[in-house]
Amino acid sequence: MPKIAMVAALEREVRGLIKNCTRAPREYGGRKFMFFEQEEMVIVCGGIGLEAARRAAEAVIALYHPALVLSVGFAGALHAGLQVGDVFSPAVVLDARDGSRFEVDGGKGLLVTFMAVAGSKQKAHLAEAYNAQAVDMEAAAVAAAARVHGIQFAATKVVSDGLDFDMPETARFIGPQGEFRTASFAFFVALRPWLWGRVAILARNSNQAARILAGHLKAYPQHPSDVIEAKIT
């Protein structure tokens with residue numbers, strides 16, 4: 001059985017990892033999941049948000065019994081020193097809903113899990129409120145599932161949007177299961193030319209971030225605690 005289980009939100013975040021994996025559709029808790037298996041690693045993309053991440057984490061733990069559960073994927077920078085493509089492995093993951101904290105051996109800095117997509121103003125508020133370096137929407141749920149089952153947890157995120165980048169409106173295109181409605185979003189953007197520039201930048205940054213994350217995670221067992229220390233001091 002795989003020793004490392006990685007939980008991402010969307011396949012595009014980890015496409016460089018899953019392209020050579022074996023696809024294994026399995027069901028858990030009345031829901032269908034696609035697992036990507038390769039030697040000692042399994043990846044599941046559970047969808048956007050805390051609830052989707054919790055379901056995916058519970059499924060991969062129950063079906064694969066990993067020794068380590070790793071929350072991976074994109075994050076927004078809350079620190080000016082973190083730029084698009086920087087890999088961030090936090091020492092603490094904090095749930096913004098209730099202040100729950102999850103400590104991670106070997107990491108550095110704080111990742112806050114927020115309930116919604118954070119624009120530039122929200123990022124500034126989160127940075128001030130929590131003294132955090134990055135924000136995501138899933139890691140705290142994965143950490144909570146690992147804690148319940150007594151399994152080691154870690155998080156490795158890559159910055160896909162900088163501190164001052166104002167995200168285009170995406171919340172309305174996240175479905176109830178955490179899926180992103182790409183076609184609907186594309187149609188929405190097509191009718192609003194003033195969004196084209198920002199969406200093009202986001203797409204370019206996301207592609208860059210995904211490539212870097214894949215390269216980092218392919219060697220994860222050799223350097224599970226790598227962080228960019230100079231950028232977050």
# chains A, B, ... in the order shown; residues from 1 in each chain; ligands from 1
$ residues_around --residues "Asp161 in chain A" --least-positions-apart "5" --cutoff "9 Å" --atoms "only C-alpha atoms" --output "PyMOL selection string"
chain A and resi 74-77+83-85+166-167+202+205-206
$ closest_atom_pairs --of "range 133-153 of chain A" --to "range 91-115 of chain A" --cutoff "9 Å" --atoms "only C-alpha atoms" --output "JSON lines"
{"residue": "A:Gln133", "atom": "CA", "partner": "A:Leu110", "partner_atom": "CA", "distance": 5.7}
{"residue": "A:Ala134", "atom": "CA", "partner": "A:Leu111", "partner_atom": "CA", "distance": 5.0}
{"residue": "A:Val135", "atom": "CA", "partner": "A:Val112", "partner_atom": "CA", "distance": 4.9}
{"residue": "A:Asp136", "atom": "CA", "partner": "A:Thr113", "partner_atom": "CA", "distance": 4.9}
{"residue": "A:Met137", "atom": "CA", "partner": "A:Thr113", "partner_atom": "CA", "distance": 4.9}
{"residue": "A:Glu138", "atom": "CA", "partner": "A:Thr113", "partner_atom": "CA", "distance": 6.2}
{"residue": "A:Ala139", "atom": "CA", "partner": "A:Thr113", "partner_atom": "CA", "distance": 6.2}
{"residue": "A:Ala140", "atom": "CA", "partner": "A:Asp95", "partner_atom": "CA", "distance": 5.4}
{"residue": "A:Ala141", "atom": "CA", "partner": "A:Asp95", "partner_atom": "CA", "distance": 8.0}
{"residue": "A:Ala143", "atom": "CA", "partner": "A:Phe102", "partner_atom": "CA", "distance": 6.7}
{"residue": "A:Ala144", "atom": "CA", "partner": "A:Phe102", "partner_atom": "CA", "distance": 7.9}
{"residue": "A:Arg147", "atom": "CA", "partner": "A:Phe102", "partner_atom": "CA", "distance": 8.6}
{"residue": "A:Gln152", "atom": "CA", "partner": "A:Val104", "partner_atom": "CA", "distance": 8.7}
{"residue": "A:Phe153", "atom": "CA", "partner": "A:Val104", "partner_atom": "CA", "distance": 6.8}
$ select_by_dssp --residues "range 80-217 of chain A" --states "strand (DSSP E or B)" --output "MDAnalysis selection string"
chainID A and resid 87:88 92:95 101:103 110:113 134:136 152:161 174 180
$ residues_around --residues "Leu10 in chain A" --least-positions-apart "6" --cutoff "9 Å" --atoms "only C-alpha atoms" --output "PDB file with N, CA and C atoms, in the first residue's frame"
ATOM      1  N   VAL A  44      -5.323  11.943  -4.573  1.00  0.00           N
ATOM      2  CA  VAL A  44      -6.755  12.100  -4.805  1.00  0.00           C
ATOM      3  C   VAL A  44      -7.053  13.588  -4.909  1.00  0.00           C
ATOM      4  N   CYS A  45      -7.878  13.945  -5.866  1.00  0.00           N
ATOM      5  CA  CYS A  45      -8.280  15.343  -6.062  1.00  0.00           C
ATOM      6  C   CYS A  45      -9.744  15.453  -5.659  1.00  0.00           C
ATOM      7  N   GLY A  46      -9.964  15.985  -4.468  1.00  0.00           N
ATOM      8  CA  GLY A  46     -11.296  15.912  -3.878  1.00  0.00           C
ATOM      9  C   GLY A  46     -12.214  17.066  -4.171  1.00  0.00           C
ATOM     10  N   GLY A  47     -11.684  18.159  -4.723  1.00  0.00           N
ATOM     11  CA  GLY A  47     -12.508  19.327  -4.970  1.00  0.00           C
ATOM     12  C   GLY A  47     -12.083  20.497  -4.105  1.00  0.00           C
ATOM     13  N   ILE A  48     -12.657  21.663  -4.399  1.00  0.00           N
ATOM     14  CA  ILE A  48     -12.294  22.904  -3.726  1.00  0.00           C
ATOM     15  C   ILE A  48     -13.058  23.047  -2.412  1.00  0.00           C
ATOM     16  N   GLY A  73      -1.086  21.520  -3.387  1.00  0.00           N
ATOM     17  CA  GLY A  73      -1.837  22.320  -4.339  1.00  0.00           C
ATOM     18  C   GLY A  73      -1.457  23.782  -4.289  1.00  0.00           C
ATOM     19  N   GLY A 178     -17.489  20.715  -4.690  1.00  0.00           N
ATOM     20  CA  GLY A 178     -16.150  21.276  -4.774  1.00  0.00           C
ATOM     21  C   GLY A 178     -15.574  21.308  -6.171  1.00  0.00           C
ATOM     22  N   GLU A 179     -16.378  20.945  -7.162  1.00  0.00           N
ATOM     23  CA  GLU A 179     -15.905  20.962  -8.545  1.00  0.00           C
ATOM     24  C   GLU A 179     -15.915  22.396  -9.089  1.00  0.00           C
ATOM     25  N   PHE A 180     -15.002  22.680  -9.990  1.00  0.00           N
ATOM     26  CA  PHE A 180     -14.976  23.997 -10.615  1.00  0.00           C
ATOM     27  C   PHE A 180     -15.622  23.897 -11.984  1.00  0.00           C
TER      28      PHE A 180
END
$ atom_distance --atom1 "CA of Tyr130 in chain A" --atom2 "CA of Pro90 in chain A"
13.5 Å
$ select_by_dssp --residues "range 61-224 of chain A" --states "helix (DSSP H, G or I)" --output "JSON, numbers by chain"
{"A": [61, 62, 63, 64, 120, 121, 122, 123, 124, 125, 126, 127, 128, 129, 130, 139, 140, 141, 142, 143, 144, 145, 146, 147, 148, 171, 172, 173, 182, 183, 184, 185, 186, 187, 188, 189, 190, 193, 194, 195, 196, 197, 198, 199, 200, 201, 202, 203, 204, 205, 206, 207, 208, 209, 210, 211, 212, 213, 214, 215, 216, 217, 218, 220, 221, 222]}
$ atom_distance --atom1 "CA of Val87 in chain A" --atom2 "CA of Ala186 in chain A"
28.1 Å
$ residues_around --residues "Gly119 in chain A" --least-positions-apart "3" --cutoff "9 Å" --atoms "only C-alpha atoms" --output "JSON, numbers by chain"
{"A": [122, 123, 124, 163, 164, 165, 166, 167, 168, 169]}
$ write_last_selection --atoms "C-alpha atoms" --output "mmCIF file, in the first residue's frame"
data_model
loop_
_atom_site.group_PDB
_atom_site.id
_atom_site.type_symbol
_atom_site.label_atom_id
_atom_site.label_comp_id
_atom_site.auth_asym_id
_atom_site.auth_seq_id
_atom_site.Cartn_x
_atom_site.Cartn_y
_atom_site.Cartn_z
ATOM 1 C CA GLN A 122 -9.002 39.717 1.939
ATOM 2 C CA LYS A 123 -5.378 38.608 1.710
ATOM 3 C CA ALA A 124 -4.278 41.798 3.435
ATOM 4 C CA LEU A 163 -0.206 39.172 -2.399
ATOM 5 C CA ASP A 164 -1.404 42.034 -4.597
ATOM 6 C CA PHE A 165 -3.085 39.954 -7.289
ATOM 7 C CA ASP A 166 -6.836 40.543 -7.306
ATOM 8 C CA MET A 167 -8.497 37.242 -8.145
ATOM 9 C CA PRO A 168 -11.360 37.318 -10.669
ATOM 10 C CA GLU A 169 -14.718 36.238 -9.309
#
$ residues_around --residues "Cys21 in chain A" --least-positions-apart "6" --cutoff "10 Å" --atoms "only C-alpha atoms" --output "PyMOL selection string"
chain A and resi 35-39+41-43
$ write_last_selection --atoms "N, CA and C atoms" --output "mmCIF file, in the first residue's frame"
data_model
loop_
_atom_site.group_PDB
_atom_site.id
_atom_site.type_symbol
_atom_site.label_atom_id
_atom_site.label_comp_id
_atom_site.auth_asym_id
_atom_site.auth_seq_id
_atom_site.Cartn_x
_atom_site.Cartn_y
_atom_site.Cartn_z
ATOM 1 N N PHE A 35 -8.543 7.807 -7.786
ATOM 2 C CA PHE A 35 -7.241 7.781 -7.138
ATOM 3 C C PHE A 35 -6.170 7.547 -8.192
ATOM 4 N N PHE A 36 -5.056 8.221 -8.016
ATOM 5 C CA PHE A 36 -3.931 8.105 -8.944
ATOM 6 C C PHE A 36 -2.789 7.432 -8.185
ATOM 7 N N GLU A 37 -2.477 6.209 -8.589
ATOM 8 C CA GLU A 37 -1.538 5.381 -7.849
ATOM 9 C C GLU A 37 -0.200 5.271 -8.580
ATOM 10 N N GLN A 38 0.873 5.357 -7.798
ATOM 11 C CA GLN A 38 2.217 5.133 -8.352
ATOM 12 C C GLN A 38 3.150 4.718 -7.231
ATOM 13 N N GLU A 39 3.562 3.469 -7.256
ATOM 14 C CA GLU A 39 4.488 2.911 -6.272
ATOM 15 C C GLU A 39 4.024 3.245 -4.847
ATOM 16 N N MET A 41 3.033 6.054 -3.592
ATOM 17 C CA MET A 41 2.282 7.301 -3.535
ATOM 18 C C MET A 41 0.891 7.120 -4.137
ATOM 19 N N VAL A 42 -0.093 7.777 -3.529
ATOM 20 C CA VAL A 42 -1.431 7.837 -4.102
ATOM 21 C C VAL A 42 -1.914 9.278 -3.993
ATOM 22 N N ILE A 43 -2.585 9.753 -5.027
ATOM 23 C CA ILE A 43 -3.094 11.124 -5.070
ATOM 24 C C ILE A 43 -4.595 11.081 -5.292
#
$ closest_residue --among "A:Leu82, A:Ala59, A:Leu195, A:Ala214" --to "Ile18 in chain A" --atoms "only C-alpha atoms"
A:Ala214
$ atom_distance --atom1 "CA of Val69 in chain A" --atom2 "CA of Lys157 in chain A"
13.6 Å
$ closest_residue --among "A:Pro25, A:Gly162, A:Gly49, A:Gly150" --to "Ala80 in chain A" --atoms "only C-alpha atoms"
A:Gly162
